[in-house]
$ cat final.tsv   # TSV, C-alpha atoms (C1' of nucleotides)
chain	number	residue	atom	x	y	z
A	1	MET	CA	0.00	0.00	0.00
A	2	ALA	CA	2.68	2.51	0.99
A	3	HIS	CA	4.38	3.78	-2.12
A	4	TYR	CA	7.65	5.39	-3.14
A	5	GLN	CA	9.32	7.19	-6.02
A	6	PRO	CA	11.40	4.84	-8.26
A	7	ILE	CA	14.15	7.43	-8.77
A	8	HIS	CA	16.30	4.92	-10.65
A	9	ASP	CA	16.85	1.27	-11.48
A	10	TRP	CA	18.74	-1.05	-9.13
A	11	THR	CA	19.37	-3.90	-11.54
A	12	ALA	CA	22.57	-4.47	-13.43
A	13	VAL	CA	24.38	-1.83	-11.40
A	14	THR	CA	28.11	-2.36	-10.92
A	15	PRO	CA	30.06	-0.81	-8.04
A	16	ALA	CA	31.55	1.76	-10.40
A	17	GLU	CA	28.11	2.68	-11.72
A	18	ALA	CA	26.80	2.86	-8.17
A	19	VAL	CA	29.41	5.47	-7.27
A	20	ALA	CA	28.53	7.48	-10.38
A	21	LEU	CA	24.85	7.27	-9.43
A	22	GLN	CA	25.62	8.59	-5.95
A	23	GLN	CA	27.51	11.53	-7.42
A	24	GLN	CA	24.51	12.28	-9.58
A	25	LEU	CA	21.96	11.97	-6.77
A	26	ARG	CA	23.74	13.83	-3.98
A	27	SER	CA	22.59	17.25	-5.17
A	28	GLN	CA	18.99	16.24	-4.51
A	29	ILE	CA	19.54	15.67	-0.79
A	30	ARG	CA	17.91	18.36	1.36
A	31	ILE	CA	19.07	18.94	4.94
A	32	GLN	CA	16.45	21.16	6.56
A	33	PRO	CA	14.09	21.40	9.55
A	34	LEU	CA	10.98	19.24	9.47
A	35	THR	CA	7.97	20.81	7.81
A	36	GLU	CA	5.39	18.53	9.42
A	37	PRO	CA	4.94	17.20	12.97
A	38	VAL	CA	6.03	13.61	13.59
A	39	ARG	CA	3.56	11.12	15.01
A	40	THR	CA	4.94	7.86	13.60
A	41	ILE	CA	8.51	6.70	13.10
A	42	ALA	CA	9.74	3.59	11.32
A	43	GLY	CA	12.82	1.47	11.82
A	44	CYS	CA	14.20	-0.90	9.18
A	45	ASP	CA	16.80	-3.62	8.96
A	46	ILE	CA	17.85	-6.74	7.06
A	47	SER	CA	19.29	-10.05	8.17
A	48	PHE	CA	20.72	-13.07	6.38
A	49	ASN	CA	22.54	-16.33	6.96
A	50	LYS	CA	26.27	-16.46	6.50
A	51	TYR	CA	27.33	-17.49	2.99
A	52	GLU	CA	23.80	-17.04	1.66
A	53	GLU	CA	22.27	-14.32	-0.49
A	54	THR	CA	18.74	-14.71	0.82
A	55	VAL	CA	17.84	-11.57	2.72
A	56	TYR	CA	15.15	-11.03	5.32
A	57	ALA	CA	14.06	-7.40	5.32
A	58	GLY	CA	11.66	-5.70	7.64
A	59	ILE	CA	10.16	-2.41	8.73
A	60	VAL	CA	8.46	-1.64	12.04
A	61	VAL	CA	6.31	1.45	12.55
A	62	LEU	CA	6.04	2.92	16.03
A	63	ASP	CA	3.90	5.61	17.60
A	64	LEU	CA	6.50	8.20	18.60
A	65	GLU	CA	4.54	9.20	21.67
A	66	THR	CA	4.00	5.76	23.23
A	67	LEU	CA	6.63	3.80	21.28
A	68	ASP	CA	3.99	1.12	20.69
A	69	THR	CA	4.41	-0.91	17.52
A	70	ILE	CA	1.53	-0.04	15.22
A	71	GLU	CA	2.54	-2.02	12.15
A	72	GLU	CA	5.25	-4.32	10.80
A	73	ALA	CA	6.09	-5.74	7.41
A	74	GLY	CA	8.67	-8.33	6.43
A	75	VAL	CA	9.83	-9.92	3.18
A	76	VAL	CA	12.20	-12.66	2.10
A	77	SER	CA	14.20	-11.60	-0.92
A	78	THR	CA	17.59	-11.97	-2.57
A	79	ALA	CA	20.57	-9.65	-2.46
A	80	THR	CA	21.92	-8.79	-5.88
A	81	PHE	CA	24.69	-6.45	-4.79
A	82	PRO	CA	27.64	-7.25	-2.48
A	83	TYR	CA	28.48	-5.42	0.70
A	84	VAL	CA	30.94	-2.69	-0.20
A	85	PRO	CA	31.73	0.07	2.33
A	86	GLY	CA	30.14	3.23	0.94
A	87	LEU	CA	27.64	1.35	-1.22
A	88	LEU	CA	25.46	-0.25	1.45
A	89	SER	CA	22.25	1.23	0.06
A	90	PHE	CA	22.60	-0.76	-3.17
A	91	ARG	CA	22.61	-3.98	-1.16
A	92	GLU	CA	19.84	-3.19	1.32
A	93	ILE	CA	17.36	-0.70	-0.14
A	94	PRO	CA	15.84	-2.92	-2.86
A	95	SER	CA	14.50	-5.44	-0.34
A	96	LEU	CA	13.53	-2.72	2.12
A	97	LEU	CA	11.38	-1.13	-0.57
A	98	GLU	CA	9.59	-4.47	-1.01
A	99	ALA	CA	8.73	-4.42	2.68
A	100	TRP	CA	7.75	-0.76	2.46
A	101	GLN	CA	5.15	-1.59	-0.18
A	102	LYS	CA	3.45	-3.96	2.22
A	103	LEU	CA	2.86	-1.22	4.79
A	104	THR	CA	-0.62	0.18	5.21
A	105	ILE	CA	0.68	3.27	6.98
A	106	GLU	CA	3.13	5.76	5.49
A	107	PRO	CA	5.47	6.60	8.42
A	108	ASP	CA	6.18	10.29	9.06
A	109	VAL	CA	9.92	9.68	9.42
A	110	VAL	CA	12.23	6.72	8.85
A	111	MET	CA	15.31	5.73	10.88
A	112	PHE	CA	17.92	3.64	9.05
A	113	ASP	CA	20.55	1.32	10.49
A	114	GLY	CA	23.51	3.10	8.89
A	115	GLN	CA	24.63	6.57	7.82
A	116	GLY	CA	22.78	9.52	6.31
A	117	ILE	CA	25.14	12.21	5.00
A	118	ALA	CA	27.98	10.92	7.20
A	119	HIS	CA	29.27	9.27	4.06
A	120	PRO	CA	32.26	9.90	1.76
A	121	ARG	CA	29.93	11.30	-0.91
A	122	ARG	CA	27.28	12.52	1.57
A	123	ILE	CA	24.70	9.98	0.46
A	124	GLY	CA	24.57	7.02	2.82
A	125	ILE	CA	21.66	4.58	2.98
A	126	ALA	CA	19.41	6.95	4.93
A	127	SER	CA	19.88	9.77	2.43
A	128	HIS	CA	19.50	7.50	-0.58
A	129	GLY	CA	16.41	5.93	0.97
A	130	GLY	CA	14.99	9.35	1.67
A	131	LEU	CA	15.04	10.23	-2.01
A	132	PHE	CA	12.99	7.14	-2.84
A	133	LEU	CA	10.58	7.52	0.06
A	134	ASN	CA	10.36	11.28	-0.37
A	135	ARG	CA	10.00	11.90	3.36
A	136	PRO	CA	12.24	12.71	6.34
A	137	THR	CA	14.90	10.06	6.99
A	138	PHE	CA	18.03	9.83	9.11
A	139	GLY	CA	20.65	7.29	10.04
A	140	CYS	CA	21.63	5.89	13.41
A	141	ALA	CA	24.72	3.72	12.98
A	142	LYS	CA	26.61	1.57	15.46
A	143	SER	CA	30.00	2.49	14.04
A	144	VAL	CA	31.71	5.14	11.96
A	145	LEU	CA	32.19	5.07	8.20
A	146	VAL	CA	33.96	8.43	7.84
A	147	GLY	CA	34.54	11.43	10.07
A	148	LYS	CA	36.20	12.38	13.35
A	149	TYR	CA	34.75	13.49	16.65
A	150	GLU	CA	35.67	14.32	20.22
A	151	GLU	CA	34.46	11.74	22.73
A	152	PRO	CA	31.14	13.03	24.11
A	153	ALA	CA	30.55	13.23	27.89
A	154	PRO	CA	29.57	9.86	29.46
A	155	GLU	CA	25.98	10.89	30.25
A	156	ARG	CA	23.03	9.90	28.09
A	157	GLY	CA	22.04	12.79	25.85
A	158	SER	CA	25.48	14.30	25.39
A	159	TRP	CA	26.84	14.44	21.89
A	160	SER	CA	29.65	15.94	19.86
A	161	PRO	CA	29.71	16.82	16.17
A	162	MET	CA	31.31	14.53	13.62
A	163	THR	CA	33.28	16.28	10.90
A	164	HIS	CA	34.69	15.20	7.56
A	165	TYR	CA	36.68	17.59	5.39
A	166	ARG	CA	35.44	20.58	7.38
A	167	ASP	CA	31.81	19.53	7.05
A	168	VAL	CA	29.67	18.74	10.09
A	169	ILE	CA	28.14	15.46	8.95
A	170	GLY	CA	26.57	14.02	12.07
A	171	ALA	CA	26.82	13.47	15.81
A	172	ALA	CA	28.37	10.91	18.14
A	173	LEU	CA	25.44	10.56	20.54
A	174	ARG	CA	25.39	8.89	23.94
A	175	THR	CA	22.02	7.11	24.19
A	176	LYS	CA	22.86	5.47	27.53
A	177	ASN	CA	25.21	6.34	30.36
A	178	LYS	CA	28.74	5.08	29.94
A	179	VAL	CA	28.19	3.05	26.77
A	180	ASN	CA	29.64	3.63	23.32
A	181	PRO	CA	27.86	6.33	21.35
A	182	VAL	CA	25.75	5.77	18.24
A	183	TYR	CA	26.38	7.86	15.15
A	184	VAL	CA	23.44	9.95	14.02
A	185	SER	CA	23.30	11.84	10.74
A	186	PRO	CA	20.48	13.44	8.76
A	187	GLY	CA	19.40	11.57	5.67
A	188	HIS	CA	16.95	13.79	3.76
A	189	LEU	CA	14.33	16.43	4.62
A	190	ILE	CA	15.52	16.71	8.25
A	191	ASP	CA	18.36	18.39	10.14
A	192	LEU	CA	20.93	17.03	12.58
A	193	GLU	CA	19.39	18.48	15.73
A	194	THR	CA	16.02	16.92	14.95
A	195	ALA	CA	17.59	13.57	14.12
A	196	VAL	CA	19.37	13.60	17.49
A	197	ALA	CA	16.17	14.57	19.31
A	198	LEU	CA	14.18	11.81	17.64
A	199	THR	CA	16.83	9.23	18.46
A	200	LEU	CA	16.70	10.22	22.12
A	201	ALA	CA	12.89	10.18	22.04
A	202	CYS	CA	12.95	6.52	21.00
A	203	ASP	CA	14.61	5.36	24.21
A	204	LYS	CA	13.71	2.19	26.08
A	205	GLY	CA	16.91	1.92	28.05
A	206	TYR	CA	19.08	0.35	25.37
A	207	ARG	CA	21.94	1.78	23.34
A	208	ILE	CA	20.08	1.04	20.12
A	209	PRO	CA	16.89	3.10	19.70
A	210	GLU	CA	13.59	1.20	19.53
A	211	PRO	CA	12.78	1.51	15.81
A	212	THR	CA	16.04	-0.16	14.82
A	213	ARG	CA	15.96	-2.61	17.71
A	214	ARG	CA	12.48	-3.82	16.83
A	215	ALA	CA	13.25	-4.05	13.13
A	216	HIS	CA	16.34	-6.08	14.03
A	217	ASN	CA	14.29	-8.46	16.16
A	218	LEU	CA	11.68	-8.76	13.44
A	219	VAL	CA	14.07	-9.75	10.66
A	220	ASN	CA	15.99	-12.19	12.86
A	221	ALA	CA	12.75	-13.90	13.88
A	222	LEU	CA	11.79	-14.01	10.21
A	223	ARG	CA	15.13	-15.57	9.28
A	224	ARG	CA	14.80	-18.21	11.98
A	225	GLY	CA	11.34	-19.07	10.79
A	226	GLU	CA	9.76	-17.97	14.06
A	227	ARG	CA	7.18	-15.87	12.32
A	228	PRO	CA	5.50	-15.57	8.90
A	229	ALA	CA	6.75	-13.14	6.26
A	230	SER	CA	3.82	-10.78	6.75
B	1	DG	C1'	52.22	3.49	-0.89
B	2	DC	C1'	49.51	2.04	3.47
B	3	DG	C1'	45.60	1.64	6.33
B	4	DA	C1'	40.37	2.37	7.11
B	5	DC	C1'	36.15	0.84	5.70
B	6	DA	C1'	27.97	1.62	7.70
B	7	DG	C1'	25.79	-3.63	7.40
C	1	DA	C1'	26.05	-8.84	8.78
C	2	DT	C1'	26.97	-13.88	10.81
C	3	DC	C1'	29.34	-17.71	13.78
C	4	DT	C1'	28.78	-18.27	19.64
C	5	DT	C1'	29.58	-18.93	26.21
C	6	DG	C1'	31.16	-17.20	29.46
C	7	DT	C1'	32.67	-13.33	31.71
C	8	DC	C1'	34.28	-8.63	33.38
C	9	DG	C1'	32.42	-4.24	35.08
C	10	DC	C1'	28.93	-0.97	36.72
$ encode --input "final.tsv" --output "structure tokens"
Amino acid sequence: MAHYQPIHDWTAVTPAEAVALQQQLRSQIRIQPLTEPVRTIAGCDISFNKYEETVYAGIVVLDLETLDTIEEAGVVSTATFPYVPGLLSFREIPSLLEAWQKLTIEPDVVMFDGQGIAHPRRIGIASHGGLFLNRPTFGCAKSVLVGKYEEPAPERGSWSPMTHYRDVIGAALRTKNKVNPVYVSPGHLIDLETAVALTLACDKGYRIPEPTRRAHNLVNALRRGERPAS
DNA sequence: GCGACAG
DNA sequence: ATCTTGTCGC
């Protein structure tokens, strides 16, 4: 039901062509304040068995106010692109879009498990996904791809800017006291401060924010055959 | 030239 | 990402 804009084809794309495509698409990314209030937020993730190309993709939609899950969608698909640092979107987005189509609700904002503009060409999976979904998106990654930062204070909520070639590309954010930070960066149609605020708003006491945590649990359960591919 | 490198 | 048990620290 939920739909998206097929900005370009994903088939028969080589790594070299993928980089060229990113260079062509980056100018379309818009980092700006939100224009609409957020009531629902989605988290997405994929899982797969070692040495296999079968991918289990899923999206979970939560009510931002209560953090209750209001909808989930999962699909079993096949990866057609290898994992290459900097080209993650070409491996994960195709199957995520399949799951997106099964949603009844169109989430107000989407959190990705990876980078937004904190990317060598400023178009990580969250930014690339934002162009297809045409709605606010941001990334919350567990590790750094590019950029430097000063260690933020040990208390939950503290953060320090991440920079890359003089550009502020994201934030190293402490989501829990004395635990490693997560790396937040705007994807499209949102700004850094809002992305940080939304990440903190999705707290349930874990380092990983709820949207991503639930999507992760969903796809792993799907992969282990513990639940039907919605 | 050498190392780093989201998931 | 995935393969896997116990274990150190708050």
$ closest_atom_pairs --input "final.tsv" --of "chain C" --to "chain A" --cutoff "12 Å" --atoms "only C-alpha atoms (C1' of nucleotides)" --output "JSON lines"
{"residue": "C:DA1", "atom": "C1'", "partner": "A:Ser47", "partner_atom": "CA", "distance": 6.9}
{"residue": "C:DT2", "atom": "C1'", "partner": "A:Lys50", "partner_atom": "CA", "distance": 5.1}
{"residue": "C:DC3", "atom": "C1'", "partner": "A:Lys50", "partner_atom": "CA", "distance": 8.0}
{"residue": "C:DG9", "atom": "C1'", "partner": "A:Lys178", "partner_atom": "CA", "distance": 11.3}
{"residue": "C:DC10", "atom": "C1'", "partner": "A:Lys178", "partner_atom": "CA", "distance": 9.1}
$ residues_around --input "final.tsv" --residues "Leu173 in chain A" --least-positions-apart "2" --cutoff "8 Å" --atoms "all atoms listed in the file" --output "NGL selection string"
:A and (152 or 156-160 or 171 or 175 or 181-184 or 196)
$ residues_around --input "final.tsv" --residues "Thr11 in chain A" --least-positions-apart "5" --cutoff "10 Å" --atoms "all atoms listed in the file" --output "list of chain:residue names"
A:Thr80, A:Phe81, A:Phe90, A:Pro94
$ interface_residues --input "final.tsv" --of "chain B" --to "chain A" --cutoff "12 Å" --atoms "all atoms listed in the file" --output "ChimeraX atom specification"
/B:4-7
$ atom_distance --input "final.tsv" --atom1 "CA of Ile7 in chain A" --atom2 "CA of His128 in chain A"
9.8 Å
$ closest_residue --input "final.tsv" --among "A:Arg166, A:Arg227, A:Lys204, A:Arg121" --to "Gln23 in chain A" --atoms "all atoms listed in the file"
A:Arg121
$ atom_distance --input "final.tsv" --atom1 "CA of Leu62 in chain A" --atom2 "CA of Asp191 in chain A"
20.6 Å
$ atom_distance --input "final.tsv" --atom1 "CA of Phe132 in chain A" --atom2 "CA of His8 in chain A"
8.8 Å
$ residues_near_point --input "final.tsv" --point "(28.0, 4.5, 32.8)" --cutoff "8 Å" --atoms "only C-alpha atoms (C1' of nucleotides)" --output "ChimeraX atom specification"
/A:154-155,176-179 /C:10
$ write_last_selection --input "final.tsv" --atoms "C-alpha atoms (C1' of nucleotides)" --output "CSV table (one decimal), in the coordinates of the input"
chain,number,residue,atom,x,y,z
A,154,PRO,CA,29.6,9.9,29.5
A,155,GLU,CA,26.0,10.9,30.2
A,176,LYS,CA,22.9,5.5,27.5
A,177,ASN,CA,25.2,6.3,30.4
A,178,LYS,CA,28.7,5.1,29.9
A,179,VAL,CA,28.2,3.0,26.8
C,10,DC,C1',28.9,-1.0,36.7
$ residues_around --input "final.tsv" --residues "Pro161 in chain A" --least-positions-apart "6" --cutoff "8 Å" --atoms "all atoms listed in the file" --output "number ranges by chain"
A: 149-150, 168-172
$ axis_aligned_box --input "final.tsv" --around "chain B" --padding-each-side "3 Å" --output "AutoDock Vina command-line options"
--center_x 39.0 --center_y -0.1 --center_z 3.4 --size_x 32.4 --size_y 13.1 --size_z 14.6
$ closest_residue --input "final.tsv" --among "A:Gln5, A:Gln101, A:Thr69, A:Thr137" --to "Arg214 in chain A" --atoms "all atoms listed in the file"
A:Thr69
$ build_atoms --input "final.tsv" --residues "range 133-164 of chain A" --atoms "N, CA and C atoms" --output "compact mmCIF listing (two decimals), in the frame of the given file"
# COMPACT_ATOMS: atom_id res chain seq x y z
N LEU A 133 11.79 7.41 -0.76
CA LEU A 133 10.58 7.52 0.06
C LEU A 133 10.00 8.92 0.07
N ASN A 134 10.81 9.89 -0.31
CA ASN A 134 10.36 11.28 -0.37
C ASN A 134 9.74 11.74 0.95
N ARG A 135 10.46 11.50 2.04
CA ARG A 135 10.00 11.90 3.36
C ARG A 135 11.23 11.96 4.27
N PRO A 136 11.10 12.59 5.43
CA PRO A 136 12.24 12.71 6.34
C PRO A 136 12.86 11.36 6.73
N THR A 137 14.18 11.29 6.64
CA THR A 137 14.90 10.06 6.99
C THR A 137 16.21 10.46 7.68
N PHE A 138 16.72 9.58 8.50
CA PHE A 138 18.03 9.83 9.11
C PHE A 138 18.66 8.49 9.46
N GLY A 139 19.96 8.53 9.71
CA GLY A 139 20.65 7.29 10.04
C GLY A 139 21.13 7.27 11.47
N CYS A 140 21.14 6.08 12.05
CA CYS A 140 21.63 5.89 13.41
C CYS A 140 22.49 4.63 13.29
N ALA A 141 23.80 4.84 13.16
CA ALA A 141 24.72 3.72 12.98
C ALA A 141 25.45 3.32 14.26
N LYS A 142 25.90 2.09 14.29
CA LYS A 142 26.61 1.57 15.46
C LYS A 142 28.10 1.82 15.36
N SER A 143 28.57 2.20 14.19
CA SER A 143 30.00 2.49 14.04
C SER A 143 30.18 3.56 12.96
N VAL A 144 31.40 4.07 12.90
CA VAL A 144 31.71 5.14 11.96
C VAL A 144 32.16 4.65 10.58
N LEU A 145 31.76 5.39 9.57
CA LEU A 145 32.19 5.07 8.20
C LEU A 145 33.30 6.07 7.89
N VAL A 146 32.98 7.35 8.04
CA VAL A 146 33.96 8.43 7.84
C VAL A 146 33.69 9.52 8.87
N GLY A 147 34.70 10.31 9.15
CA GLY A 147 34.54 11.43 10.07
C GLY A 147 35.26 11.25 11.40
N LYS A 148 35.51 12.38 12.05
CA LYS A 148 36.20 12.38 13.35
C LYS A 148 35.30 13.10 14.35
N TYR A 149 35.55 12.82 15.61
CA TYR A 149 34.75 13.49 16.65
C TYR A 149 35.46 13.40 17.98
N GLU A 150 35.10 14.30 18.88
CA GLU A 150 35.67 14.32 20.22
C GLU A 150 34.74 13.42 21.03
N GLU A 151 35.28 12.64 21.92
CA GLU A 151 34.46 11.74 22.73
C GLU A 151 33.44 12.55 23.53
N PRO A 152 32.16 12.27 23.36
CA PRO A 152 31.14 13.03 24.11
C PRO A 152 31.17 12.64 25.59
N ALA A 153 30.58 13.49 26.44
CA ALA A 153 30.55 13.23 27.89
C ALA A 153 29.85 11.88 28.08
N PRO A 154 30.15 11.18 29.18
CA PRO A 154 29.57 9.86 29.46
C PRO A 154 28.08 9.79 29.77
N GLU A 155 27.41 10.93 29.94
CA GLU A 155 25.98 10.89 30.25
C GLU A 155 25.08 10.80 29.03
N ARG A 156 24.00 10.03 29.16
CA ARG A 156 23.03 9.90 28.09
C ARG A 156 22.59 11.30 27.66
N GLY A 157 22.47 11.50 26.37
CA GLY A 157 22.04 12.79 25.85
C GLY A 157 23.16 13.69 25.37
N SER A 158 24.37 13.44 25.84
CA SER A 158 25.48 14.30 25.39
C SER A 158 25.94 13.83 24.01
N TRP A 159 26.37 14.79 23.23
CA TRP A 159 26.84 14.44 21.89
C TRP A 159 27.85 15.46 21.39
N SER A 160 28.63 15.05 20.44
CA SER A 160 29.65 15.94 19.86
C SER A 160 29.55 15.77 18.34
N PRO A 161 29.82 16.87 17.63
CA PRO A 161 29.71 16.82 16.17
C PRO A 161 30.78 15.96 15.50
N MET A 162 30.39 15.36 14.41
CA MET A 162 31.31 14.53 13.62
C MET A 162 31.64 15.40 12.41
N THR A 163 32.90 15.48 12.06
CA THR A 163 33.28 16.28 10.90
C THR A 163 34.06 15.45 9.89
N HIS A 164 34.00 15.88 8.66
CA HIS A 164 34.69 15.20 7.56
C HIS A 164 35.00 16.28 6.55
